[in-house]
>>> print(open('run.tsv').read())   # TSV, C-alpha atoms and all ligand atoms
chain	number	residue	atom	x	y	z
A	703	MET	CA	-101.71	-60.22	-174.48
A	704	LYS	CA	-101.32	-59.21	-178.13
A	705	TYR	CA	-97.84	-59.27	-179.61
A	706	ILE	CA	-95.91	-59.31	-182.87
A	707	GLU	CA	-93.29	-62.01	-183.54
A	708	PRO	CA	-90.87	-59.99	-185.68
A	709	HIS	CA	-88.44	-62.83	-186.51
A	710	ALA	CA	-89.55	-66.44	-186.96
A	711	HIS	CA	-88.73	-69.10	-189.57
A	712	MET	CA	-92.14	-70.69	-189.87
A	713	VAL	CA	-91.25	-72.83	-192.90
A	714	SER	CA	-89.36	-74.95	-190.35
A	715	ARG	CA	-92.18	-75.11	-187.81
A	716	VAL	CA	-95.20	-77.35	-187.51
A	717	THR	CA	-98.76	-76.08	-187.79
A	718	ASP	CA	-99.29	-76.63	-184.05
A	719	ASP	CA	-96.83	-73.78	-183.48
A	720	TYR	CA	-99.11	-71.39	-185.41
A	721	GLN	CA	-101.97	-72.52	-183.20
A	722	ARG	CA	-99.99	-72.04	-179.97
A	723	MET	CA	-98.75	-68.60	-181.08
A	724	ALA	CA	-102.30	-67.53	-181.96
A	725	LEU	CA	-103.51	-68.69	-178.54
A	726	ALA	CA	-100.73	-66.66	-176.90
A	727	GLY	CA	-101.92	-63.48	-178.67
A	728	CYS	CA	-99.72	-63.33	-181.76
A	729	GLU	CA	-101.14	-60.89	-184.34
A	730	ALA	CA	-98.38	-60.97	-186.94
A	731	ILE	CA	-95.29	-63.00	-187.80
A	732	CYS	CA	-92.38	-61.68	-189.88
A	733	GLU	CA	-90.19	-64.28	-191.54
A	734	PRO	CA	-86.71	-63.36	-192.81
A	735	ALA	CA	-85.14	-65.50	-195.54
A	736	PHE	CA	-82.47	-67.72	-194.00
A	737	TRP	CA	-80.28	-70.78	-194.35
A	738	ALA	CA	-82.24	-74.02	-194.68
A	739	GLY	CA	-79.64	-76.03	-192.73
A	740	PHE	CA	-78.08	-77.15	-196.02
A	741	ASP	CA	-76.74	-75.22	-199.02
A	742	ARG	CA	-79.13	-74.78	-201.92
A	743	SER	CA	-77.49	-75.79	-205.18
A	744	SER	CA	-78.92	-73.19	-207.57
A	745	PRO	CA	-80.79	-69.89	-207.84
A	746	ALA	CA	-83.90	-71.93	-208.69
A	747	GLY	CA	-83.89	-73.28	-205.13
A	748	PHE	CA	-84.10	-69.71	-203.84
A	749	HIS	CA	-86.82	-68.84	-206.36
A	750	ASP	CA	-88.97	-71.62	-204.95
A	751	TYR	CA	-88.16	-70.54	-201.38
A	752	PHE	CA	-89.22	-66.95	-202.14
A	753	CYS	CA	-92.49	-68.31	-203.59
A	754	GLN	CA	-93.00	-70.32	-200.40
A	755	LEU	CA	-92.45	-67.18	-198.27
A	756	THR	CA	-94.74	-64.97	-200.34
A	757	GLU	CA	-97.50	-67.38	-201.40
A	758	HIS	CA	-97.74	-70.50	-199.25
A	759	GLU	CA	-96.71	-69.40	-195.75
A	760	PRO	CA	-99.18	-66.46	-195.53
A	761	LYS	CA	-101.99	-68.95	-196.18
A	762	ARG	CA	-100.82	-71.23	-193.35
A	763	ALA	CA	-100.73	-68.25	-190.97
A	764	ALA	CA	-104.12	-66.92	-192.10
A	765	LYS	CA	-105.80	-70.13	-190.97
A	766	PHE	CA	-105.03	-68.99	-187.41
A	767	GLY	CA	-105.86	-65.31	-187.92
A	768	ILE	CA	-102.18	-64.33	-187.98
A	769	ALA	CA	-100.82	-61.91	-190.58
A	770	HIS	CA	-97.63	-63.18	-192.23
A	771	PHE	CA	-94.87	-60.98	-193.66
A	772	CYS	CA	-91.41	-61.79	-195.01
A	773	TRP	CA	-87.98	-60.44	-195.85
A	774	LEU	CA	-85.95	-61.60	-198.87
A	775	CYS	CA	-82.23	-62.20	-199.43
A	776	ILE	CA	-79.54	-64.85	-199.74
A	777	ASN	CA	-78.36	-65.34	-196.17
A	778	PRO	CA	-74.75	-64.83	-195.02
A	779	LYS	CA	-74.15	-68.58	-194.57
A	780	GLU	CA	-74.51	-69.01	-198.34
A	781	SER	CA	-72.66	-65.83	-199.27
A	782	GLU	CA	-69.18	-67.27	-199.78
A	783	ASP	CA	-70.11	-67.99	-203.41
A	784	VAL	CA	-70.40	-64.44	-204.77
A	785	ASN	CA	-71.61	-65.57	-208.20
A	786	LEU	CA	-74.50	-67.56	-206.73
A	787	ALA	CA	-75.31	-64.61	-204.46
A	788	GLY	CA	-75.39	-62.25	-207.45
A	789	ASP	CA	-77.79	-64.55	-209.31
A	790	VAL	CA	-80.08	-64.81	-206.27
A	791	ILE	CA	-80.04	-61.05	-205.63
A	792	ALA	CA	-81.05	-60.54	-209.27
A	793	LEU	CA	-84.19	-62.62	-208.59
A	794	ILE	CA	-85.36	-60.49	-205.68
A	795	PRO	CA	-86.78	-57.36	-207.43
A	796	GLN	CA	-89.53	-59.41	-209.13
A	797	PHE	CA	-90.79	-60.37	-205.63
A	798	LEU	CA	-90.64	-56.93	-204.00
A	799	ASP	CA	-94.14	-55.96	-205.15
A	800	ARG	CA	-95.74	-58.95	-203.45
A	801	PRO	CA	-98.06	-57.79	-200.68
A	802	ASN	CA	-96.33	-59.43	-197.69
A	803	VAL	CA	-92.72	-58.37	-198.47
A	804	LEU	CA	-91.25	-55.94	-195.90
A	805	GLY	CA	-87.70	-55.53	-197.17
A	806	ILE	CA	-84.26	-57.11	-197.51
A	807	GLY	CA	-83.20	-59.56	-194.78
A	808	GLU	CA	-81.83	-61.24	-192.89
A	809	ILE	CA	-78.60	-60.02	-194.43
A	810	GLY	CA	-75.31	-59.56	-192.59
A	811	LEU	CA	-72.28	-61.67	-191.83
A	812	ASN	CA	-71.56	-65.16	-190.50
A	813	LYS	CA	-67.78	-65.79	-190.37
A	814	ASN	CA	-66.84	-62.18	-191.29
A	815	SER	CA	-65.13	-63.12	-194.57
A	816	ARG	CA	-64.30	-60.82	-197.48
A	817	ASN	CA	-66.93	-62.39	-199.72
A	818	GLU	CA	-69.58	-62.14	-197.03
A	819	VAL	CA	-68.82	-58.41	-196.76
A	820	LYS	CA	-69.04	-58.08	-200.55
A	821	VAL	CA	-72.46	-59.79	-200.64
A	822	LEU	CA	-73.65	-57.65	-197.72
A	823	GLU	CA	-72.73	-54.54	-199.71
A	824	MET	CA	-74.66	-55.92	-202.70
A	825	HIS	CA	-77.76	-56.38	-200.52
A	826	VAL	CA	-77.45	-52.90	-198.99
A	827	ASP	CA	-77.25	-51.49	-202.53
A	828	LEU	CA	-80.37	-53.47	-203.49
A	829	ALA	CA	-82.26	-52.09	-200.48
A	830	ALA	CA	-81.18	-48.55	-201.31
A	831	ARG	CA	-82.13	-48.81	-204.99
A	832	PHE	CA	-85.61	-50.15	-204.18
A	833	ASP	CA	-86.13	-48.08	-201.01
A	834	GLN	CA	-86.55	-51.17	-198.82
A	835	LEU	CA	-86.24	-51.66	-195.06
A	836	ILE	CA	-83.28	-53.78	-193.91
A	837	LEU	CA	-83.14	-56.56	-191.31
A	838	VAL	CA	-79.60	-57.51	-190.30
A	839	HIS	CA	-78.40	-60.82	-188.84
A	840	THR	CA	-75.28	-60.47	-186.68
A	841	PRO	CA	-72.89	-63.45	-186.38
A	842	HIS	CA	-72.86	-66.05	-183.67
A	843	LEU	CA	-70.83	-66.31	-180.47
A	844	GLU	CA	-67.17	-65.30	-180.84
A	845	ASP	CA	-67.82	-63.75	-184.26
A	846	LYS	CA	-70.61	-61.38	-183.17
A	847	LEU	CA	-68.55	-58.44	-181.90
A	848	LYS	CA	-66.33	-58.18	-184.97
A	849	GLY	CA	-69.23	-58.87	-187.34
A	850	THR	CA	-71.42	-56.21	-185.77
A	851	ARG	CA	-68.65	-53.63	-186.13
A	852	LEU	CA	-68.05	-54.55	-189.79
A	853	ILE	CA	-71.80	-54.46	-190.54
A	854	LEU	CA	-72.24	-51.04	-188.91
A	855	ASP	CA	-69.37	-49.73	-191.05
A	856	VAL	CA	-70.94	-51.07	-194.26
A	857	LEU	CA	-74.29	-49.46	-193.37
A	858	LYS	CA	-72.66	-46.15	-192.51
A	859	SER	CA	-70.59	-46.03	-195.66
A	860	ASP	CA	-73.69	-46.21	-197.91
A	861	ARG	CA	-75.07	-42.70	-197.55
A	862	ARG	CA	-78.44	-43.66	-199.05
A	863	ILE	CA	-79.26	-45.78	-195.97
A	864	LYS	CA	-81.30	-44.12	-193.26
A	865	PRO	CA	-80.30	-45.65	-189.90
A	866	GLU	CA	-83.85	-45.74	-188.51
A	867	ARG	CA	-84.93	-47.96	-191.44
A	868	VAL	CA	-82.49	-50.71	-190.35
A	869	ILE	CA	-82.98	-53.23	-187.52
A	870	VAL	CA	-79.81	-54.99	-186.37
A	871	ASP	CA	-80.85	-58.28	-184.82
A	872	HIS	CA	-79.39	-60.71	-182.27
A	873	VAL	CA	-77.73	-57.98	-180.17
A	874	GLU	CA	-76.24	-58.87	-176.78
A	875	GLU	CA	-74.69	-56.87	-173.96
A	876	HIS	CA	-71.46	-56.24	-175.90
A	877	THR	CA	-73.08	-55.03	-179.13
A	878	VAL	CA	-76.34	-53.28	-178.26
A	879	LYS	CA	-74.88	-49.87	-177.46
A	880	ALA	CA	-72.98	-49.54	-180.73
A	881	VAL	CA	-76.15	-50.39	-182.68
A	882	LEU	CA	-78.39	-47.91	-180.83
A	883	ASP	CA	-75.76	-45.18	-180.89
A	884	ARG	CA	-75.80	-45.33	-184.71
A	885	GLY	CA	-79.57	-44.66	-184.70
A	886	HIS	CA	-80.56	-48.18	-185.77
A	887	TRP	CA	-83.17	-50.35	-184.12
A	888	ALA	CA	-81.88	-53.36	-182.16
A	889	GLY	CA	-83.43	-56.82	-181.91
A	890	MET	CA	-82.89	-59.21	-179.00
A	891	THR	CA	-83.22	-62.90	-179.82
A	892	LEU	CA	-84.41	-65.25	-177.11
A	893	TYR	CA	-82.68	-68.60	-177.44
A	894	PRO	CA	-82.34	-71.35	-174.86
A	895	GLU	CA	-78.52	-71.55	-175.05
A	896	THR	CA	-76.96	-68.88	-177.26
A	897	LYS	CA	-77.99	-65.24	-177.75
A	898	CYS	CA	-80.26	-63.85	-174.98
A	899	THR	CA	-82.27	-65.41	-172.20
A	900	PRO	CA	-85.46	-63.64	-171.07
A	901	ALA	CA	-83.69	-62.35	-167.93
A	902	ARG	CA	-80.77	-60.87	-169.88
A	903	ALA	CA	-83.05	-59.35	-172.52
A	904	ILE	CA	-84.92	-57.52	-169.76
A	905	ASP	CA	-81.60	-56.41	-168.23
A	906	ILE	CA	-80.66	-54.89	-171.60
A	907	LEU	CA	-84.03	-53.17	-171.77
A	908	GLU	CA	-83.58	-51.73	-168.27
A	909	ASN	CA	-80.06	-50.52	-169.12
A	910	PHE	CA	-80.68	-49.13	-172.60
A	911	GLY	CA	-84.31	-47.98	-172.63
A	912	ASN	CA	-87.21	-49.28	-174.64
A	913	GLU	CA	-87.22	-46.78	-177.49
A	914	GLN	CA	-85.75	-48.70	-180.42
A	915	LEU	CA	-85.67	-52.29	-179.16
A	916	TRP	CA	-87.71	-55.37	-179.98
A	917	MET	CA	-87.63	-59.04	-178.99
A	918	ASN	CA	-88.02	-62.14	-181.13
A	919	SER	CA	-87.82	-65.90	-180.85
A	920	ALA	CA	-86.05	-66.46	-184.20
A	921	CYS	CA	-87.54	-69.94	-183.97
A	922	ASP	CA	-86.30	-72.18	-186.76
A	923	TRP	CA	-85.25	-75.82	-187.35
A	924	GLY	CA	-82.87	-75.73	-184.37
A	925	VAL	CA	-83.55	-75.79	-180.62
A	926	SER	CA	-85.73	-72.71	-180.20
A	927	ASP	CA	-89.04	-71.67	-178.70
A	928	PRO	CA	-91.81	-70.06	-180.77
A	929	LEU	CA	-93.39	-68.77	-177.53
A	930	ALA	CA	-90.23	-67.05	-176.28
A	931	VAL	CA	-91.69	-63.54	-176.71
A	932	PRO	CA	-94.85	-64.03	-174.61
A	933	LYS	CA	-92.81	-65.97	-172.03
A	934	THR	CA	-90.42	-63.03	-171.74
A	935	ALA	CA	-93.38	-60.67	-171.42
A	936	LEU	CA	-94.48	-62.77	-168.46
A	937	GLU	CA	-90.98	-62.47	-166.99
A	938	MET	CA	-91.20	-58.67	-167.39
A	939	LYS	CA	-94.45	-58.73	-165.45
A	940	ARG	CA	-92.79	-60.82	-162.72
A	941	ARG	CA	-90.06	-58.19	-162.50
A	942	GLY	CA	-92.55	-55.39	-161.98
A	943	HIS	CA	-92.73	-53.84	-165.44
A	944	ARG	CA	-95.97	-52.03	-166.18
A	945	ALA	CA	-98.42	-53.42	-168.71
A	946	ALA	CA	-97.90	-50.39	-170.97
A	947	ALA	CA	-94.13	-50.94	-171.02
A	948	ILE	CA	-94.62	-54.60	-171.89
A	949	GLU	CA	-97.03	-53.75	-174.69
A	950	GLN	CA	-94.60	-51.19	-176.06
A	951	LEU	CA	-91.80	-53.75	-176.33
A	952	ILE	CA	-93.75	-56.67	-177.75
A	953	PHE	CA	-96.33	-54.87	-179.88
A	954	ARG	CA	-96.00	-51.13	-180.42
A	955	ASN	CA	-92.25	-51.08	-181.05
A	956	PRO	CA	-92.24	-53.71	-183.81
A	957	LYS	CA	-95.38	-52.11	-185.25
A	958	LYS	CA	-93.68	-48.71	-185.34
A	959	PHE	CA	-90.56	-49.98	-187.09
A	960	LEU	CA	-92.36	-52.29	-189.51
A	961	SER	CA	-94.99	-49.67	-190.43
A	962	GLN	CA	-92.21	-47.88	-192.29
A	963	SER	CA	-93.02	-50.46	-194.99
A	964	PRO	CA	-96.32	-49.70	-196.76
A	965	ASN	CA	-96.97	-53.45	-196.88
A	966	PHE	CA	-97.14	-53.85	-193.10
A	967	LYS	CA	-100.84	-53.86	-192.23
A	968	LEU	CA	-102.30	-55.64	-189.22
A	969	PRO	CA	-105.68	-57.38	-189.42
A	970	ALA	CA	-108.53	-55.01	-188.53
A	971	ALA	CA	-109.26	-55.04	-184.80
B	110	MET	CA	-85.75	-38.70	-187.64
B	111	THR	CA	-82.23	-39.99	-187.19
B	112	ARG	CA	-80.83	-40.01	-183.70
B	113	ALA	CA	-79.49	-42.31	-181.07
B	114	ILE	CA	-81.33	-42.70	-177.79
B	115	ASP	CA	-79.73	-40.27	-175.40
B	116	ASN	CA	-78.51	-41.15	-171.96
B	117	ALA	CA	-81.23	-39.12	-170.23
B	118	GLU	CA	-83.90	-41.30	-171.86
B	119	ARG	CA	-82.03	-44.44	-170.83
B	120	ARG	CA	-81.75	-43.22	-167.25
B	121	GLU	CA	-85.42	-42.25	-167.13
B	122	TYR	CA	-86.52	-45.73	-168.12
B	123	THR	CA	-84.09	-47.43	-165.79
B	124	ALA	CA	-85.01	-45.15	-162.91
B	125	SER	CA	-88.70	-45.91	-163.37
B	126	GLY	CA	-87.99	-49.42	-162.37
B	127	ILE	CA	-88.20	-51.92	-161.21
B	128	MET	CA	-87.10	-54.13	-158.31
B	129	THR	CA	-85.34	-53.60	-155.02
B	130	ARG	CA	-82.16	-55.56	-154.34
B	131	GLU	CA	-84.08	-57.82	-152.00
B	132	GLN	CA	-86.67	-58.49	-154.68
B	133	VAL	CA	-83.94	-59.36	-157.19
B	134	LEU	CA	-82.44	-61.81	-154.73
B	135	ASP	CA	-85.82	-63.32	-153.90
B	136	LEU	CA	-86.49	-63.84	-157.57
B	137	ASP	CA	-83.13	-64.97	-158.94
B	138	PHE	CA	-80.75	-66.05	-156.14
B	139	LEU	CA	-81.50	-69.75	-156.17
B	140	ASP	CA	-81.34	-69.91	-159.96
B	141	ALA	CA	-77.99	-68.07	-160.07
B	142	ARG	CA	-76.61	-70.17	-157.19
B	143	GLY	CA	-77.45	-73.33	-159.11
B	144	LYS	CA	-75.74	-72.02	-162.26
B	145	LEU	CA	-72.60	-71.09	-160.34
B	146	ILE	CA	-72.33	-74.62	-158.92
B	147	GLU	CA	-72.77	-76.00	-162.45
B	148	ILE	CA	-69.80	-73.87	-163.59
B	149	ALA	CA	-67.65	-75.07	-160.68
B	150	ALA	CA	-68.56	-78.68	-161.45
B	151	PHE	CA	-67.80	-78.12	-165.16
B	152	LEU	CA	-64.28	-76.87	-164.37
B	153	ASP	CA	-63.72	-79.83	-162.00
B	154	ARG	CA	-64.88	-82.18	-164.78
B	155	VAL	CA	-62.55	-80.58	-167.34
B	156	GLU	CA	-59.57	-80.90	-165.00
B	157	ARG	CA	-60.40	-84.48	-164.07
B	158	ALA	CA	-60.36	-85.48	-167.74
B	159	LYS	CA	-57.11	-86.49	-169.50
B	160	GLY	CA	-55.63	-84.03	-172.00
B	161	GLN	CA	-54.69	-80.36	-172.29
B	162	ASP	CA	-56.58	-77.10	-171.98
B	163	ASP	CA	-57.45	-75.59	-175.33
B	164	PHE	CA	-58.35	-72.02	-176.35
B	165	ARG	CA	-61.94	-72.54	-175.22
B	166	VAL	CA	-61.17	-73.34	-171.62
B	167	LYS	CA	-58.49	-70.62	-171.52
B	168	ALA	CA	-61.11	-68.10	-172.63
B	169	PHE	CA	-63.51	-69.57	-170.09
B	170	ARG	CA	-61.04	-69.04	-167.25
B	171	GLN	CA	-60.41	-65.45	-168.42
B	172	ALA	CA	-64.15	-64.81	-168.60
B	173	ALA	CA	-64.67	-66.30	-165.11
B	174	ARG	CA	-62.20	-63.76	-163.71
B	175	GLU	CA	-64.64	-61.02	-164.79
B	176	LEU	CA	-67.07	-62.24	-162.14
B	177	ASN	CA	-64.79	-61.19	-159.28
B	178	GLY	CA	-64.67	-57.87	-157.49
B	179	SER	CA	-67.01	-54.94	-157.73
B	180	LYS	CA	-66.73	-54.29	-161.46
B	181	LYS	CA	-69.89	-53.39	-163.37
B	182	ARG	CA	-71.05	-54.62	-166.79
B	183	ARG	CA	-69.84	-58.15	-166.07
B	184	ALA	CA	-72.02	-59.76	-168.75
B	185	GLU	CA	-70.48	-57.49	-171.39
B	186	LYS	CA	-66.96	-58.27	-170.18
B	187	VAL	CA	-67.59	-62.02	-170.19
B	188	LEU	CA	-68.85	-61.78	-173.78
B	189	LEU	CA	-65.78	-59.73	-174.75
B	190	ALA	CA	-63.49	-62.39	-173.25
B	191	PHE	CA	-64.89	-64.92	-175.75
B	192	SER	CA	-64.90	-62.54	-178.76
B	193	ASP	CA	-62.66	-62.21	-181.79
B	194	PRO	CA	-61.00	-58.82	-181.16
B	195	THR	CA	-59.67	-58.34	-184.72
B	196	THR	CA	-61.20	-55.88	-187.14
B	197	THR	CA	-60.43	-56.97	-190.71
B	198	PRO	CA	-62.43	-59.57	-192.66
B	199	ILE	CA	-60.87	-63.04	-192.93
B	200	PRO	CA	-59.80	-64.13	-196.46
B	201	ALA	CA	-62.51	-66.81	-196.78
B	202	ALA	CA	-65.02	-68.69	-194.65
B	203	THR	CA	-63.91	-72.33	-194.35
B	204	THR	CA	-66.74	-73.34	-192.01
B	205	LYS	CA	-70.19	-72.01	-191.19
B	206	ALA	CA	-69.97	-72.79	-187.48
B	207	ALA	CA	-68.88	-70.81	-184.43
B	208	CYS	CA	-67.53	-72.62	-181.37
B	209	GLY	CA	-68.01	-70.00	-178.66
B	210	ALA	CA	-64.43	-68.80	-178.17
B	211	TRP	CA	-61.88	-67.18	-180.46
B	212	PRO	CA	-59.06	-69.59	-181.36
B	213	GLY	CA	-56.62	-66.77	-182.10
B	214	ARG	CA	-56.88	-67.39	-185.83
B	215	PRO	CA	-59.77	-67.87	-188.29
B	216	ASN	CA	-61.50	-71.21	-187.64
C	1	ZN	ZN	-83.22	-65.80	-188.35
>>> encode(input="run.tsv", output="structure tokens")
Amino acid sequence: MKYIEPHAHMVSRVTDDYQRMALAGCEAICEPAFWAGFDRSSPAGFHDYFCQLTEHEPKRAAKFGIAHFCWLCINPKESEDVNLAGDVIALIPQFLDRPNVLGIGEIGLNKNSRNEVKVLEMHVDLAARFDQLILVHTPHLEDKLKGTRLILDVLKSDRRIKPERVIVDHVEEHTVKAVLDRGHWAGMTLYPETKCTPARAIDILENFGNEQLWMNSACDWGVSDPLAVPKTALEMKRRGHRAAAIEQLIFRNPKKFLSQSPNFKLPAA
Amino acid sequence: MTRAIDNAERREYTASGIMTREQVLDLDFLDARGKLIEIAAFLDRVERAKGQDDFRVKAFRQAARELNGSKKRRAEKVLLAFSDPTTTPIPAATTKAACGAWPGRPN
């Protein structure tokens, strides 16, 4: 069963995970820039991280026949320091020509603070100026509803942003409709405790259609499962979904969205 | 092309599906039954412990009320019961973490 993992933090995963994902049918992995679990102390730390995402990680993936792509940004958890964020954002354009870069992400909000909103607007401006796709992280738990609303307002207020070139990730039952109604794509993240379980992700699919949805594991340094997407595909099968519908959700949908970037090319079949 | 998915498309996909009520029960009843007992035991454990309810358990009790009756979209309503309902950004983030329920003020 071939699939695309559209959101995974492979810098935090062991090489065995690449092997397991390849065995499960993974053709491509997309890795958004994120928080390392600790705050980086300088723009140089981000420079090295962007080199890791654009030079080193694609080589690790290639050893297992998996294409590796990435998104660049300073993540919302490190956005309270607007000066640091400005310095990091200034580094990004020099990386945008690298062959595995898909766009700006995962940007968004974490605690929904004024500075986080300011840095989100700076990222949206960067994406607009360089005609980049956007991948949005929505906040956790009690902060998700408010954060999603604030993010949708920022995206709408920048008239250069085309809604269909933005994926808003980590949607749940209380946020998915607002995202789809604005014409954006919506991502469902499959986590063991927070975000979506496989059963709930399939409920959302059955309630909201499969047109502009994708699923991801968002596996990182926390408790998470790099095989969450193929496991959910199996759950879809158990629930009577047709093979074509499963393939649309786990392969053709991410391919359709990501192909809006000229850099997204799958290995030749 | 910029457009939202319309309701007709949503209905078409949903209608194409998927399981009968009996099939849903066959597949998920035991799992859901087990989770419900876990929730009951959790509330017993909270009440057996010394101390006061805080905003988390208050939100939990409110969310649990959404399970009753014949209301639809229960998952959405449970999530809303735990959510920050305000709409303006907080002055500054003083933590990176979320705790799962809204304390009624920025945490
Ligand atoms: Zn992520």
>>> interface_residues(input="run.tsv", of="chain A", to="chain B", cutoff="9 Å", atoms="all atoms listed in the file", output="tab-separated table (two decimals) with C-alpha atoms, keeping the file's coordinate frame")
chain	number	residue	atom	x	y	z
A	779	LYS	CA	-74.15	-68.58	-194.57
A	780	GLU	CA	-74.51	-69.01	-198.34
A	782	GLU	CA	-69.18	-67.27	-199.78
A	812	ASN	CA	-71.56	-65.16	-190.50
A	813	LYS	CA	-67.78	-65.79	-190.37
A	814	ASN	CA	-66.84	-62.18	-191.29
A	815	SER	CA	-65.13	-63.12	-194.57
A	816	ARG	CA	-64.30	-60.82	-197.48
A	817	ASN	CA	-66.93	-62.39	-199.72
A	818	GLU	CA	-69.58	-62.14	-197.03
A	819	VAL	CA	-68.82	-58.41	-196.76
A	841	PRO	CA	-72.89	-63.45	-186.38
A	842	HIS	CA	-72.86	-66.05	-183.67
A	843	LEU	CA	-70.83	-66.31	-180.47
A	844	GLU	CA	-67.17	-65.30	-180.84
A	845	ASP	CA	-67.82	-63.75	-184.26
A	846	LYS	CA	-70.61	-61.38	-183.17
A	847	LEU	CA	-68.55	-58.44	-181.90
A	848	LYS	CA	-66.33	-58.18	-184.97
A	849	GLY	CA	-69.23	-58.87	-187.34
A	851	ARG	CA	-68.65	-53.63	-186.13
A	852	LEU	CA	-68.05	-54.55	-189.79
A	864	LYS	CA	-81.30	-44.12	-193.26
A	865	PRO	CA	-80.30	-45.65	-189.90
A	866	GLU	CA	-83.85	-45.74	-188.51
A	874	GLU	CA	-76.24	-58.87	-176.78
A	875	GLU	CA	-74.69	-56.87	-173.96
A	876	HIS	CA	-71.46	-56.24	-175.90
A	877	THR	CA	-73.08	-55.03	-179.13
A	881	VAL	CA	-76.15	-50.39	-182.68
A	882	LEU	CA	-78.39	-47.91	-180.83
A	883	ASP	CA	-75.76	-45.18	-180.89
A	884	ARG	CA	-75.80	-45.33	-184.71
A	885	GLY	CA	-79.57	-44.66	-184.70
A	886	HIS	CA	-80.56	-48.18	-185.77
A	902	ARG	CA	-80.77	-60.87	-169.88
A	907	LEU	CA	-84.03	-53.17	-171.77
A	908	GLU	CA	-83.58	-51.73	-168.27
A	909	ASN	CA	-80.06	-50.52	-169.12
A	910	PHE	CA	-80.68	-49.13	-172.60
A	911	GLY	CA	-84.31	-47.98	-172.63
A	912	ASN	CA	-87.21	-49.28	-174.64
A	913	GLU	CA	-87.22	-46.78	-177.49
A	914	GLN	CA	-85.75	-48.70	-180.42
A	940	ARG	CA	-92.79	-60.82	-162.72
A	941	ARG	CA	-90.06	-58.19	-162.50
A	942	GLY	CA	-92.55	-55.39	-161.98
A	943	HIS	CA	-92.73	-53.84	-165.44
>>> axis_aligned_box(input="run.tsv", around="stretch 189-207 of chain B", padding_each_side="4 Å", output="JSON")
{"center_x": -64.9, "center_y": -64.6, "center_z": -185.0, "size_x": 18.5, "size_y": 25.5, "size_z": 31.5}
>>> atom_distance(input="run.tsv", atom1="atom CA of B:Ile146", atom2="atom CA of B:Ala173")
12.9 Å
>>> residues_near_ligand(input="run.tsv", ligand="ligand ZN 1 (chain C)", cutoff="8 Å", atoms="only C-alpha atoms and all ligand atoms", output="list in words")
His709, Ala710, His711, Glu733, Pro734, Ala735, Phe736, Glu808, His839, Ala920, Cys921 and Asp922 of chain A
>>> write_last_selection(input="run.tsv", atoms="C-alpha atoms", output="short mmCIF file (atom, residue, chain, number, x, y, z; two decimals), in the coordinates of the input")
data_model
loop_
_atom_site.label_atom_id
_atom_site.label_comp_id
_atom_site.auth_asym_id
_atom_site.auth_seq_id
_atom_site.Cartn_x
_atom_site.Cartn_y
_atom_site.Cartn_z
CA HIS A 709 -88.44 -62.83 -186.51
CA ALA A 710 -89.55 -66.44 -186.96
CA HIS A 711 -88.73 -69.10 -189.57
CA GLU A 733 -90.19 -64.28 -191.54
CA PRO A 734 -86.71 -63.36 -192.81
CA ALA A 735 -85.14 -65.50 -195.54
CA PHE A 736 -82.47 -67.72 -194.00
CA GLU A 808 -81.83 -61.24 -192.89
CA HIS A 839 -78.40 -60.82 -188.84
CA ALA A 920 -86.05 -66.46 -184.20
CA CYS A 921 -87.54 -69.94 -183.97
CA ASP A 922 -86.30 -72.18 -186.76
#
>>> atom_distance(input="run.tsv", atom1="atom CA of A:Asp789", atom2="atom CA of A:Pro745")
6.3 Å
>>> residues_around(input="run.tsv", residues="stretch 933-939 of chain A", least_positions_apart="4", cutoff="8 Å", atoms="only C-alpha atoms", output="list in words")
Pro900, Ala901, Ile904, Leu929, His943, Arg944, Ala945, Ile948 and Ile952 of chain A
>>> residues_around(input="run.tsv", residues="A:Gly767", least_positions_apart="6", cutoff="12 Å", atoms="all atoms listed in the file", output="list in words")
Tyr720, Gln721, Arg722, Met723, Ala724, Leu725, Gly727, Cys728, Glu729, Ala730, Ile731, Pro760, Lys761, Leu968, Pro969, Ala970 and Ala971 of chain A
